[in-house]
Structures are given as structure tokens and as C-alpha cells.
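**Q** Okay, here's the structure, questions in a sec.
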Amino acid sequence: MSQEDVLSILKELKGEATIKEIRELAKKKYSGRTLYLYVGDRLKKLERNNRITKEGEKWKIKKK
């Protein structure tokens with residue numbers, strides 16, 4: 001699962017969600033792939049790239 005896939009899922013969840021919510025949607029959306037297991041890693045990479053932030057338990061897309 002690419003960072004863009006995770007970002008797309010986060011957008012579908014109205015721009016903010018917990019890792020559990022993101023994983024659940026990734027598993028449904030990409031049922032033939034086990035890459036939903038890498039959601040946490042992709043979220044951290046997106047955070048390092050300054051595209052999302054973590055506030056409490058929720059990951060949020062940064063506003064431009």
C-alpha cells in the first residue's frame with residue numbers, strides 16, 4: 001500500500017481517522033491485498049513528509 005493509497009483512504013474518512021478505522025477501510029477496499037498491515041508505517045512516513053499530523057488517537061490531513 002502506497003502513501004497515496006493511505007492518504008486517499010484518509011480523505012474518504014473526511015480527513016481524520018484512527019489507525020484502526022484506516023486499517024478497516026483499507027482491508028475492505030483492498031481485500032485482495034495484505035498491504036493494509038503496513039498502514040502504520042505509511043502514516044508515519046506521511047507525517048515525516050509533513051502531509052498529515054497525529055492529534056491524540058486521530059490522524060489528520062494537514063491543511064495547505
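Residue numbers start at 1 in each chain; chains themselves are named A, B, ... in the order of the C-alpha cells; ligands are numbered from 1 in the order shown.
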If we count only C-alpha atoms and set the cut-off at 6 Å, which residues sit around Thr18 (chain A), ignoring sequence neighbours fewer than 5 positions away in its own chain? Please answer as a list in words.
**A**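 Once the adjacent positions are removed, what remains is Glu57, Lys58 and Trp59 of chain A.
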**Q** Now that the selection is made, can you save its residues with C-alpha atoms as a PDB file, in the first residue's frame?
**A**
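File again_23.pdb, as written:
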ATOM      1  CA  GLU A  57      -5.556   8.926  18.523  1.00  0.00           C
ATOM      2  CA  LYS A  58      -6.597  10.590  15.250  1.00  0.00           C
ATOM      3  CA  TRP A  59      -4.532  11.108  12.138  1.00  0.00           C
TER       4      TRP A  59
END
**Q** Write out as a ChimeraX atom specification each polymer residue whose atoms come within 12 Å of Ile52 (chain A), counting only C-alpha atoms; drop sequence neighbours fewer than 3 positions from it.
**A** /A:3-4,6-7,10-11,15-17,42-49,55,58-64
**Q** Write down as a VMD selection string the residues of chain A whose backbone DSSP state falls under helix (DSSP H, G or I).
**A** chain A and resid 3 to 12 19 to 29 35 to 48
**Q** Please produce an output containing N, CA, C and O atoms for each residue in the selection, written as a short mmCIF file (atom, residue, chain, number, x, y, z; two decimals), in the first residue's frame.
**A**
data_model
loop_
_atom_site.label_atom_id
_atom_site.label_comp_id
_atom_site.auth_asym_id
_atom_site.auth_seq_id
_atom_site.Cartn_x
_atom_site.Cartn_y
_atom_site.Cartn_z
N GLN A 3 1.77 5.38 0.12
CA GLN A 3 1.37 6.52 0.94
C GLN A 3 0.14 7.18 0.33
O GLN A 3 -0.75 7.62 1.06
N GLU A 4 0.09 7.23 -0.99
CA GLU A 4 -1.06 7.86 -1.66
C GLU A 4 -2.34 7.07 -1.42
O GLU A 4 -3.41 7.66 -1.28
N ASP A 5 -2.24 5.75 -1.35
CA ASP A 5 -3.42 4.92 -1.03
C ASP A 5 -3.94 5.26 0.36
O ASP A 5 -5.13 5.41 0.58
N VAL A 6 -3.00 5.38 1.32
CA VAL A 6 -3.39 5.70 2.70
C VAL A 6 -4.00 7.10 2.76
O VAL A 6 -5.01 7.32 3.41
N LEU A 7 -3.40 8.04 2.05
CA LEU A 7 -3.93 9.40 2.02
C LEU A 7 -5.33 9.42 1.40
O LEU A 7 -6.23 10.11 1.91
N SER A 8 -5.54 8.64 0.37
CA SER A 8 -6.85 8.54 -0.27
C SER A 8 -7.90 7.99 0.71
O SER A 8 -9.02 8.50 0.78
N ILE A 9 -7.52 6.97 1.46
CA ILE A 9 -8.43 6.40 2.45
C ILE A 9 -8.74 7.43 3.53
O ILE A 9 -9.90 7.58 3.94
N LEU A 10 -7.74 8.16 3.97
CA LEU A 10 -7.95 9.18 4.98
C LEU A 10 -8.90 10.26 4.46
O LEU A 10 -9.77 10.74 5.19
N LYS A 11 -8.78 10.61 3.19
CA LYS A 11 -9.70 11.59 2.58
C LYS A 11 -11.13 11.04 2.58
O LYS A 11 -12.08 11.77 2.84
N GLU A 12 -11.28 9.75 2.28
CA GLU A 12 -12.61 9.12 2.30
C GLU A 12 -13.23 9.17 3.69
O GLU A 12 -14.44 9.20 3.83
N ILE A 19 -6.07 4.92 13.44
CA ILE A 19 -5.38 3.90 12.64
C ILE A 19 -6.29 2.69 12.44
O ILE A 19 -6.29 2.08 11.37
N LYS A 20 -7.08 2.36 13.42
CA LYS A 20 -8.00 1.21 13.31
C LYS A 20 -9.01 1.46 12.19
O LYS A 20 -9.28 0.56 11.38
N GLU A 21 -9.58 2.66 12.13
CA GLU A 21 -10.56 2.98 11.09
C GLU A 21 -9.91 2.93 9.71
O GLU A 21 -10.51 2.43 8.75
N ILE A 22 -8.68 3.42 9.61
CA ILE A 22 -7.97 3.42 8.33
C ILE A 22 -7.68 1.98 7.90
O ILE A 22 -7.90 1.61 6.75
N ARG A 23 -7.21 1.17 8.82
CA ARG A 23 -6.92 -0.25 8.51
C ARG A 23 -8.18 -0.98 8.06
O ARG A 23 -8.14 -1.78 7.13
N GLU A 24 -9.29 -0.75 8.76
CA GLU A 24 -10.54 -1.44 8.41
C GLU A 24 -10.99 -1.10 7.00
O GLU A 24 -11.37 -1.98 6.23
N LEU A 25 -10.92 0.19 6.64
CA LEU A 25 -11.33 0.58 5.30
C LEU A 25 -10.33 0.06 4.26
O LEU A 25 -10.73 -0.39 3.19
N ALA A 26 -9.05 0.08 4.59
CA ALA A 26 -8.03 -0.45 3.67
C ALA A 26 -8.27 -1.93 3.41
O ALA A 26 -8.15 -2.40 2.27
N LYS A 27 -8.63 -2.67 4.44
CA LYS A 27 -8.87 -4.10 4.29
C LYS A 27 -10.08 -4.35 3.41
O LYS A 27 -10.08 -5.26 2.57
N LYS A 28 -11.13 -3.53 3.56
CA LYS A 28 -12.33 -3.67 2.72
C LYS A 28 -12.04 -3.25 1.28
O LYS A 28 -12.43 -3.93 0.34
N LYS A 29 -11.38 -2.12 1.13
CA LYS A 29 -11.15 -1.55 -0.19
C LYS A 29 -10.15 -2.37 -1.00
O LYS A 29 -10.28 -2.48 -2.21
N LEU A 35 -1.60 -5.61 2.20
CA LEU A 35 -0.83 -4.40 2.47
C LEU A 35 -1.45 -3.49 3.52
O LEU A 35 -0.81 -2.58 4.00
N TYR A 36 -2.71 -3.77 3.92
CA TYR A 36 -3.32 -2.99 5.00
C TYR A 36 -2.50 -3.12 6.28
O TYR A 36 -2.60 -2.30 7.19
N LEU A 37 -1.68 -4.15 6.36
CA LEU A 37 -0.83 -4.36 7.53
C LEU A 37 0.24 -3.27 7.66
O LEU A 37 0.82 -3.10 8.72
N TYR A 38 0.49 -2.53 6.60
CA TYR A 38 1.53 -1.51 6.59
C TYR A 38 1.01 -0.10 6.79
O TYR A 38 1.75 0.87 6.61
N VAL A 39 -0.24 0.04 7.16
CA VAL A 39 -0.85 1.36 7.34
C VAL A 39 -0.07 2.21 8.33
O VAL A 39 0.20 3.38 8.06
N GLY A 40 0.32 1.65 9.46
CA GLY A 40 1.04 2.42 10.47
C GLY A 40 2.33 3.01 9.93
O GLY A 40 2.65 4.18 10.16
N ASP A 41 3.07 2.20 9.19
CA ASP A 41 4.32 2.66 8.59
C ASP A 41 4.07 3.79 7.60
O ASP A 41 4.78 4.80 7.58
N ARG A 42 3.04 3.64 6.77
CA ARG A 42 2.74 4.67 5.77
C ARG A 42 2.29 5.97 6.44
O ARG A 42 2.63 7.06 5.99
N LEU A 43 1.53 5.86 7.51
CA LEU A 43 1.10 7.06 8.24
C LEU A 43 2.31 7.81 8.80
O LEU A 43 2.39 9.05 8.70
N LYS A 44 3.25 7.09 9.35
CA LYS A 44 4.45 7.74 9.90
C LYS A 44 5.27 8.41 8.81
O LYS A 44 5.81 9.50 9.01
N LYS A 45 5.35 7.80 7.64
CA LYS A 45 6.06 8.41 6.52
C LYS A 45 5.36 9.68 6.06
O LYS A 45 5.99 10.69 5.76
N LEU A 46 4.03 9.63 5.99
CA LEU A 46 3.26 10.82 5.61
C LEU A 46 3.46 11.94 6.64
O LEU A 46 3.57 13.11 6.28
N GLU A 47 3.56 11.57 7.90
CA GLU A 47 3.79 12.56 8.96
C GLU A 47 5.19 13.17 8.80
O GLU A 47 5.35 14.39 8.90
N ARG A 48 6.18 12.35 8.54
CA ARG A 48 7.54 12.86 8.33
C ARG A 48 7.61 13.78 7.12
O ARG A 48 8.40 14.71 7.08
#
**Q** In chain A, what's strand (DSSP E or B) per DSSP? Answer as JSON, numbers by chain?
**A** {"A": [16, 17, 18, 52, 53, 54, 55, 58, 59, 60, 61]}
